[in-house]
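Student: I'd like to ask some things about the structure below.
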Amino acid sequence: MRVEFAPLNIPLRRRLQTAAVLQWVFSFLALAQCCLAGFVLLALSDWWMVALLYAGWLWLDGDTPISGGRRVDWVRTWSVWNYFREYFPITLVKTVDLDPKKNYIFGFHPHGVLVAGAFGNFCTEATGFSRLFPGLRSHLLMLPFWFRVPVFRDYIMCGGLVSSSKSSLSYLVSRPSGGNVAVIAVGGAPEALDARPGALTLQVRNRKGFIKLALKHGAQLVPVFSFGENELFDQIQNPTGSSLRRLQNRLQSIMGVALPLFHARGVFQYSFGLMPYRKPINTVVGKPISVAQTPSPTSEDIESLHEVYLEHLTDLFERHKLTYGLQEHQHLTFI
């Protein structure tokens, strides 16, 4: 394989963009493991008392990830996130105003490999979420497992990440004052295994838990489609039924997280590595679906609203696909 190296005379700003994305990839893939290892080493050292005090803090603070988290606006506005946005670049597209007196569930599609669009738009202010939607506070839902990792949990909560448990979502969308946005990557870990350039298949047919909670609490549903999300990485072929896919499914059922074997480019060369391609991400926030509060929704209520949600998601995609580089014959497939 011929390796294409990056030229030496790349402008400093592009170098900073690459560094910003490199630290994000590291945070996503390895920071939790490093934090856990550091905590264990601290507990085994002469500084074990510090580890003990922090363990006590973890016990006292255990409910925070399911009670709205602990956003820190200073972290969300770090300059590094502006370089992160410019790398791709990422753009947040607003289609209508949203009432800050209401609570919302944003259904984010597609999941992609590392949900770069969801992070850039809803865990930082790099794309201007608070400016576009004044009075609203965004919270990206993440697997509960990660909030058990020392130090890492505190870092990710600073950006607005919270647990994806049912109680966590209920807490956000039941606040009487409104103003909360719970962002859910609806396809979840299984969809990540199919994230590759050109993929338009969404795992949403059997994803109805967020629909039920929207009904229960009267939260408005908002479909969100992130054009370009699946263009960032290639992935080793793993068709359904293959040995690799069966192994991935098995590991996911055990660990709760997907393990896509992805690759793209490197830091100093463009031929291989775990850095994403420089492809634009355009995240379009659709119109809200009005939801009447139904404390005990029936299966018929859930099915009906789910179909309405899919119709709105399809309409959002069809209205914007030509603007963001897709062809007329390309359509979404729901499984």
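In the structure tokens, each chain is lettered A, B, ... as it comes, each chain's residues begin at 1, and ligands are numbered from 1 in order of appearance.
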As a PyMOL selection string, please: the residues near region 174-185 of chain A (cut-off 8 Å, only C-alpha atoms, same-chain neighbours under 5 positions excluded).
Tutor: chain A and resi 99-111+115+118+122+135-141+164+169+217+219
Student: Would you mind writing down, as a PyMOL selection string, each residue of region 47-229 of chain A that DSSP on the backbone assigns to helix (DSSP H, G or I)?
Tutor: chain A and resi 48-60+64-66+73-76+79-87+116-122+129-132+144-148+152-158+166-173+188-192+209-217+229
Student: Neighbours of Pro223 (chain A) within 10 Å (only C-alpha atoms; same-chain residues fewer than 5 positions away dropped), as a list in words?
Tutor: Ile105, Phe106, Gly107, Phe108, His109, Val183, Val284, Val285, Gly286, Lys287, Pro288, Ile289, Tyr309, Leu310, Glu311, His312, Leu313, Thr314, Asp315, Leu316 and Phe317 of chain A
Student: Could you write out the selected residues, including N, CA and C atoms, as a PDB file, in the first residue's frame?
Tutor:
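File written: part.pdb
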```pdb
ATOM      1  N   ILE A 105     -37.158  16.093  23.147  1.00  0.00           N
ATOM      2  CA  ILE A 105     -36.310  14.929  22.875  1.00  0.00           C
ATOM      3  C   ILE A 105     -35.873  15.035  21.428  1.00  0.00           C
ATOM      4  N   PHE A 106     -34.585  15.216  21.213  1.00  0.00           N
ATOM      5  CA  PHE A 106     -34.015  15.246  19.867  1.00  0.00           C
ATOM      6  C   PHE A 106     -33.617  13.824  19.492  1.00  0.00           C
ATOM      7  N   GLY A 107     -34.220  13.277  18.449  1.00  0.00           N
ATOM      8  CA  GLY A 107     -33.811  11.980  17.923  1.00  0.00           C
ATOM      9  C   GLY A 107     -32.714  12.187  16.896  1.00  0.00           C
ATOM     10  N   PHE A 108     -31.483  11.837  17.246  1.00  0.00           N
ATOM     11  CA  PHE A 108     -30.320  12.097  16.377  1.00  0.00           C
ATOM     12  C   PHE A 108     -30.072  10.903  15.462  1.00  0.00           C
ATOM     13  N   HIS A 109     -29.934  11.165  14.161  1.00  0.00           N
ATOM     14  CA  HIS A 109     -29.692  10.125  13.162  1.00  0.00           C
ATOM     15  C   HIS A 109     -28.676  10.649  12.144  1.00  0.00           C
ATOM     16  N   VAL A 183     -30.795  14.676  23.923  1.00  0.00           N
ATOM     17  CA  VAL A 183     -30.392  14.235  22.586  1.00  0.00           C
ATOM     18  C   VAL A 183     -30.067  12.749  22.633  1.00  0.00           C
ATOM     19  N   VAL A 284     -29.105  18.932  10.765  1.00  0.00           N
ATOM     20  CA  VAL A 284     -30.334  19.692  10.561  1.00  0.00           C
ATOM     21  C   VAL A 284     -31.346  19.330  11.646  1.00  0.00           C
ATOM     22  N   VAL A 285     -31.790  20.339  12.390  1.00  0.00           N
ATOM     23  CA  VAL A 285     -32.782  20.158  13.451  1.00  0.00           C
ATOM     24  C   VAL A 285     -34.163  20.449  12.866  1.00  0.00           C
ATOM     25  N   GLY A 286     -35.023  19.447  12.873  1.00  0.00           N
ATOM     26  CA  GLY A 286     -36.325  19.569  12.238  1.00  0.00           C
ATOM     27  C   GLY A 286     -37.364  20.273  13.093  1.00  0.00           C
ATOM     28  N   LYS A 287     -38.608  20.223  12.604  1.00  0.00           N
ATOM     29  CA  LYS A 287     -39.726  20.831  13.319  1.00  0.00           C
ATOM     30  C   LYS A 287     -40.183  19.919  14.453  1.00  0.00           C
ATOM     31  N   PRO A 288     -40.579  20.501  15.580  1.00  0.00           N
ATOM     32  CA  PRO A 288     -41.036  19.671  16.709  1.00  0.00           C
ATOM     33  C   PRO A 288     -42.396  19.044  16.427  1.00  0.00           C
ATOM     34  N   ILE A 289     -42.572  17.841  16.939  1.00  0.00           N
ATOM     35  CA  ILE A 289     -43.849  17.143  16.871  1.00  0.00           C
ATOM     36  C   ILE A 289     -44.550  17.367  18.205  1.00  0.00           C
ATOM     37  N   TYR A 309     -43.439  10.112  13.914  1.00  0.00           N
ATOM     38  CA  TYR A 309     -42.030  10.488  14.023  1.00  0.00           C
ATOM     39  C   TYR A 309     -41.256  10.061  12.777  1.00  0.00           C
ATOM     40  N   LEU A 310     -41.480   8.845  12.308  1.00  0.00           N
ATOM     41  CA  LEU A 310     -40.779   8.357  11.118  1.00  0.00           C
ATOM     42  C   LEU A 310     -41.151   9.170   9.889  1.00  0.00           C
ATOM     43  N   GLU A 311     -42.394   9.581   9.806  1.00  0.00           N
ATOM     44  CA  GLU A 311     -42.829  10.415   8.680  1.00  0.00           C
ATOM     45  C   GLU A 311     -42.107  11.767   8.705  1.00  0.00           C
ATOM     46  N   HIS A 312     -42.004  12.365   9.884  1.00  0.00           N
ATOM     47  CA  HIS A 312     -41.312  13.654  10.006  1.00  0.00           C
ATOM     48  C   HIS A 312     -39.820  13.512   9.718  1.00  0.00           C
ATOM     49  N   LEU A 313     -39.230  12.423  10.158  1.00  0.00           N
ATOM     50  CA  LEU A 313     -37.814  12.184   9.894  1.00  0.00           C
ATOM     51  C   LEU A 313     -37.570  12.010   8.395  1.00  0.00           C
ATOM     52  N   THR A 314     -38.426  11.260   7.745  1.00  0.00           N
ATOM     53  CA  THR A 314     -38.308  11.056   6.299  1.00  0.00           C
ATOM     54  C   THR A 314     -38.454  12.376   5.556  1.00  0.00           C
ATOM     55  N   ASP A 315     -39.429  13.168   5.953  1.00  0.00           N
ATOM     56  CA  ASP A 315     -39.656  14.463   5.309  1.00  0.00           C
ATOM     57  C   ASP A 315     -38.460  15.388   5.498  1.00  0.00           C
ATOM     58  N   LEU A 316     -37.879  15.387   6.700  1.00  0.00           N
ATOM     59  CA  LEU A 316     -36.697  16.207   6.966  1.00  0.00           C
ATOM     60  C   LEU A 316     -35.551  15.811   6.042  1.00  0.00           C
ATOM     61  N   PHE A 317     -35.322  14.513   5.904  1.00  0.00           N
ATOM     62  CA  PHE A 317     -34.252  14.024   5.043  1.00  0.00           C
ATOM     63  C   PHE A 317     -34.503  14.392   3.585  1.00  0.00           C
TER      64      PHE A 317
END
```
Student: Kindly provide the residues of region 127-234 of chain A that approach region 30-40 of chain A to within 8 Å, each paired with its closest atom pair and their distance in Å to one decimal, based on only C-alpha atoms, listed by chain and increasing number, as JSON lines.
Tutor:
```
{"residue": "A:Trp146", "atom": "CA", "partner": "A:Ala32", "partner_atom": "CA", "distance": 7.6}
{"residue": "A:Val149", "atom": "CA", "partner": "A:Leu36", "partner_atom": "CA", "distance": 6.1}
{"residue": "A:Pro150", "atom": "CA", "partner": "A:Leu36", "partner_atom": "CA", "distance": 6.1}
{"residue": "A:Val151", "atom": "CA", "partner": "A:Cys35", "partner_atom": "CA", "distance": 6.2}
{"residue": "A:Phe152", "atom": "CA", "partner": "A:Ala32", "partner_atom": "CA", "distance": 5.5}
```
Student: Apply DSSP to the structure's backbone, then extract all residues of region 15-250 of chain A labelled strand (DSSP E or B) and return them as a PyMOL selection string.
Tutor: chain A and resi 90-94+104-109+137-142+161-163+180-185+201-202+220-227+234-235
